[in-house]
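*Asks:* So that we are looking at the same thing, I have put the structure below in structure tokens.
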Amino acid sequence: MDPATGPYIIMAMLIAGIVTGLPFAFVLGAVSVISTMLFWGTEALAQIAFQSFRVVEDFVLIAVPLFVFMAMILFKSRVAEDMYDMIYKWSGSLRGGLAIGTQLICAVMAACTGIAGGTETAMGLIALPSMRKYRYQDRMIIGTVLSGGTLGQLIPPSVLMVVYGVVTNVSVGKMFAGGFAAGIILVGVYVVYIAIRCLFNKNLCPALPPEERVSWKEKFVALNHVILPLLLIILVLGSIFTGIATPTEAAAVGVVGALLSTLVKGRLSRAIVMEAGMTTLQVTSLVGWIMISAAAFTNIFIIAGGKEFMENVLSILPGGRWGVLICSQIILLLLGMILDNAAIVLICGPLFNPIMVGLGFNEVWFALLFMVQMQIAYISPPFGMSLFYLYSVTPPDIKMTDIYKAAYPFMMCQLIALSIMIIFPDTIMWLPRLIIK
């Protein structure tokens with residue numbers, strides 16, 4: 001194998017595989033096998049099996065099915081529906097109150113579950129018809145649900161952060177702490193955007209009519225809907241941030257907490273547990289296959305000279321190390337438009353992380369920027385997964401083009417938040433430095 005041409009051949013095969021439209025896990029696996037046979041012969045294929053086993057035996061990965069199972073239990077027990085009832089009662093005379101409340105609910109659900117797809121679907125079914133009922137404009141409704149539903153990618157216990165930590169050896173606990181701060185910034189930008197739009201356009205998100213508003217007594221009674229979710233968040237994240245438990249152990253605690261919460265609400269049943277278990281099996285199996293294939297591909301690419309190839313490409317960029325950082329963000333933004341988030345993490349994480357550390361950037365800070373990019377990717381046309389999750393539960397009169405158009409303003413909000421985190425690193429690094437030494 002010629003190190004000067006190996007990375008180019010592998011990348012060409014990868015692009016050709018993507019163009020075929022085959023499932024990405026199969027594309028990565030096929031490219032890994034063909035590259036290995038082409039460069040080192042059939043006897044080297046055993047290395048793919050050894051590499052796959054090394055990846056899947058990582059103890060931290062146990063957190064993935066646990067967090068997914070916890071999320072599924074909460075979704076099946078209608079926690080989001082209960083919280084939306086509380087937000088509806090509190091929104092009152094505030095223009096845009098339901099949209100702002102939807103963002104806050106999505107943030108709480110993200111902190112309870114760590115995944116995005118379920119929140120997206122649940123809020124599409126609950127919040128979208130309710131906001132339409134009160135004459136909110138469709139693009140604001142769709143954009144609100146799209147952006148809020150992706151917060152599970154960033155706010156801990158993010159499953160994607162666990163995967164990133166496994167493949168880059170970056171502390172998952174520190175990423176969780178930074179993700180909490182980053183999530184606050186992102187939600188803040190969303191809320192400010194909604195409030196400003198409503199201030200200048202009174203018909204965009206009208207306040208609830210007087211006859212729909214409830215008394216202060218009813219408002220305070222409705223707060224009981226958030227008590228159990230908040231206790232679960234404190235239980236899971238608090239045990240991690242205080243050092244009492246690892247993310248994997250906290251995930252197990254979270255599962256117990258979710259089951260107890262559902263039991264307290266009187267909704268725990270064998271059917272819910274079975275449905276949650278089957279969904280967890282499906283999601284975890286998908287993540288597992290992508291991880292195995294991506295680990296094999298990344299290993300082959302690095303051995304073939306891929307790390308040096310990336311360093312050489314990035315070294316010719318203007319602007320020094322900051323030019324390299326900006327270029328990495330542009331690459332992630334473009335990849336997010338066409339590839340699955342997990343695949344981007346598994347391929348780009350091991351390649352970009354050592355380069356950024358070598359340039360003197362904090363690895364946790366860069367990991368958080370990476371996770372924000374994955375949020376942007378989730379709503380990026382044409383293939384952002386949230387676009388399709390939401391489309392699957394929208395009324396027939398809402399077209400895919402409407403969802404695309406609604407995504408762009410909130411993508412700009414995400415880019416503004418990303419810029420804040422790049423220009424002012426301490427906005428997201430203060431919490432990891434404060435609570436995790």
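Identifiers for the structure tokens are assigned positionally: chains receive A, B, ... in sequence, residues are indexed from 1 per chain, and ligands are indexed from 1 in the order shown.
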I want to know what sits within 12 Å of Val256 of chain A, based on only C-alpha atoms, with residues of the same chain fewer than 6 positions away left out; could you give that as a PDB file with C-alpha atoms, in the first residue's frame?
*Replies:*
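So part_28.pdb came out as:
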ATOM      1  CA  LEU A  66     -29.923   1.819  29.980  1.00  0.00           C
ATOM      2  CA  PHE A  67     -30.488   5.465  29.039  1.00  0.00           C
ATOM      3  CA  PHE A  69     -34.714   2.126  28.162  1.00  0.00           C
ATOM      4  CA  MET A  70     -35.173   4.915  30.727  1.00  0.00           C
ATOM      5  CA  ALA A  71     -36.280   7.253  27.931  1.00  0.00           C
ATOM      6  CA  ILE A  73     -40.348   4.127  29.891  1.00  0.00           C
ATOM      7  CA  LEU A  74     -40.850   7.872  30.366  1.00  0.00           C
ATOM      8  CA  LEU A 232     -35.149  12.000  38.240  1.00  0.00           C
ATOM      9  CA  LEU A 235     -30.917  11.738  40.812  1.00  0.00           C
ATOM     10  CA  VAL A 236     -29.129  10.929  37.542  1.00  0.00           C
ATOM     11  CA  GLU A 249     -24.054   3.457  37.180  1.00  0.00           C
ATOM     12  CA  ALA A 250     -26.170   6.621  36.965  1.00  0.00           C
ATOM     13  CA  THR A 262     -44.269   5.459  36.291  1.00  0.00           C
ATOM     14  CA  LEU A 263     -45.440   3.272  39.177  1.00  0.00           C
TER      15      LEU A 263
END
*Asks:* Could you list, as a list in words, every residue within 8 Å of Ile272 of chain A, counting only C-alpha atoms and ignoring same-chain residues fewer than 4 positions away?
*Replies:*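 The filter keeps Ile73, Lys76, Ser77, Leu268 and Ala276 of chain A.
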*Asks:* In segment 35-110 of chain A, what's alpha helix (DSSP H) per DSSP? Answer as number ranges by chain?
*Replies:* A: 35-40, 46-56, 63-76, 79-91, 97-110
*Asks:* Considering only C-alpha atoms, tabulate each residue of segment 86-205 of chain A that lies at most 12 Å from segment 365-387 of chain A along with its nearest interatomic pair and the corresponding distance in Å to one decimal; arrange the rows by chain and ascending residue number and present them as CSV.
*Replies:*
residue,atom,partner,partner_atom,distance
A:Ile115,CA,A:Gln375,CA,11.1
A:Ala116,CA,A:Ser386,CA,8.0
A:Gly117,CA,A:Ser386,CA,6.8
A:Gly118,CA,A:Ser386,CA,9.9
A:Thr119,CA,A:Ser386,CA,9.9
A:Glu120,CA,A:Ser386,CA,6.8
A:Thr121,CA,A:Ser386,CA,8.7
A:Ala122,CA,A:Ser386,CA,11.9
A:Met123,CA,A:Ser386,CA,11.7
A:Gly124,CA,A:Ser386,CA,10.5
A:Ile142,CA,A:Leu387,CA,9.5
A:Gly143,CA,A:Ile379,CA,9.2
A:Thr144,CA,A:Ile379,CA,11.2
A:Val145,CA,A:Ser386,CA,9.3
A:Leu146,CA,A:Ser386,CA,6.3
A:Ser147,CA,A:Ile379,CA,7.2
A:Gly148,CA,A:Gln375,CA,9.8
A:Gly149,CA,A:Ser386,CA,7.7
A:Thr150,CA,A:Gln375,CA,5.8
A:Leu151,CA,A:Gln375,CA,7.0
A:Gly152,CA,A:Gln375,CA,8.6
A:Gln153,CA,A:Gln375,CA,6.1
A:Leu154,CA,A:Met371,CA,5.8
A:Ile155,CA,A:Met371,CA,9.4
A:Pro156,CA,A:Met371,CA,11.0
A:Ser158,CA,A:Met371,CA,9.4
A:Val159,CA,A:Met371,CA,10.9
A:Leu160,CA,A:Met371,CA,7.9
A:Met161,CA,A:Met371,CA,7.4
A:Val162,CA,A:Met371,CA,11.1
A:Val163,CA,A:Met371,CA,11.2
A:Tyr164,CA,A:Ala367,CA,7.9
A:Gly165,CA,A:Ala367,CA,8.7
A:Val167,CA,A:Ala367,CA,11.6
A:Thr168,CA,A:Ala367,CA,9.3
A:Asn169,CA,A:Ala367,CA,10.9
A:Val170,CA,A:Ala367,CA,8.0
A:Ser171,CA,A:Ala367,CA,9.9
A:Val172,CA,A:Ala367,CA,9.9
A:Lys174,CA,A:Trp365,CA,9.5
A:Met175,CA,A:Leu368,CA,6.7
A:Phe176,CA,A:Leu368,CA,9.1
A:Ala177,CA,A:Leu368,CA,10.0
A:Gly178,CA,A:Leu368,CA,6.8
A:Gly179,CA,A:Leu368,CA,6.4
A:Phe180,CA,A:Leu368,CA,10.1
A:Ala181,CA,A:Leu368,CA,9.9
A:Ala182,CA,A:Leu368,CA,7.6
A:Gly183,CA,A:Val372,CA,8.9
A:Ile185,CA,A:Val372,CA,10.9
A:Leu186,CA,A:Val372,CA,8.9
*Asks:* Choose the residue, out of A:Val287, A:Leu351, A:Met37, A:Ile10, that has the smallest atom-to-atom separation from Leu61 of chain A; count only C-alpha atoms.
*Replies:* A:Val287
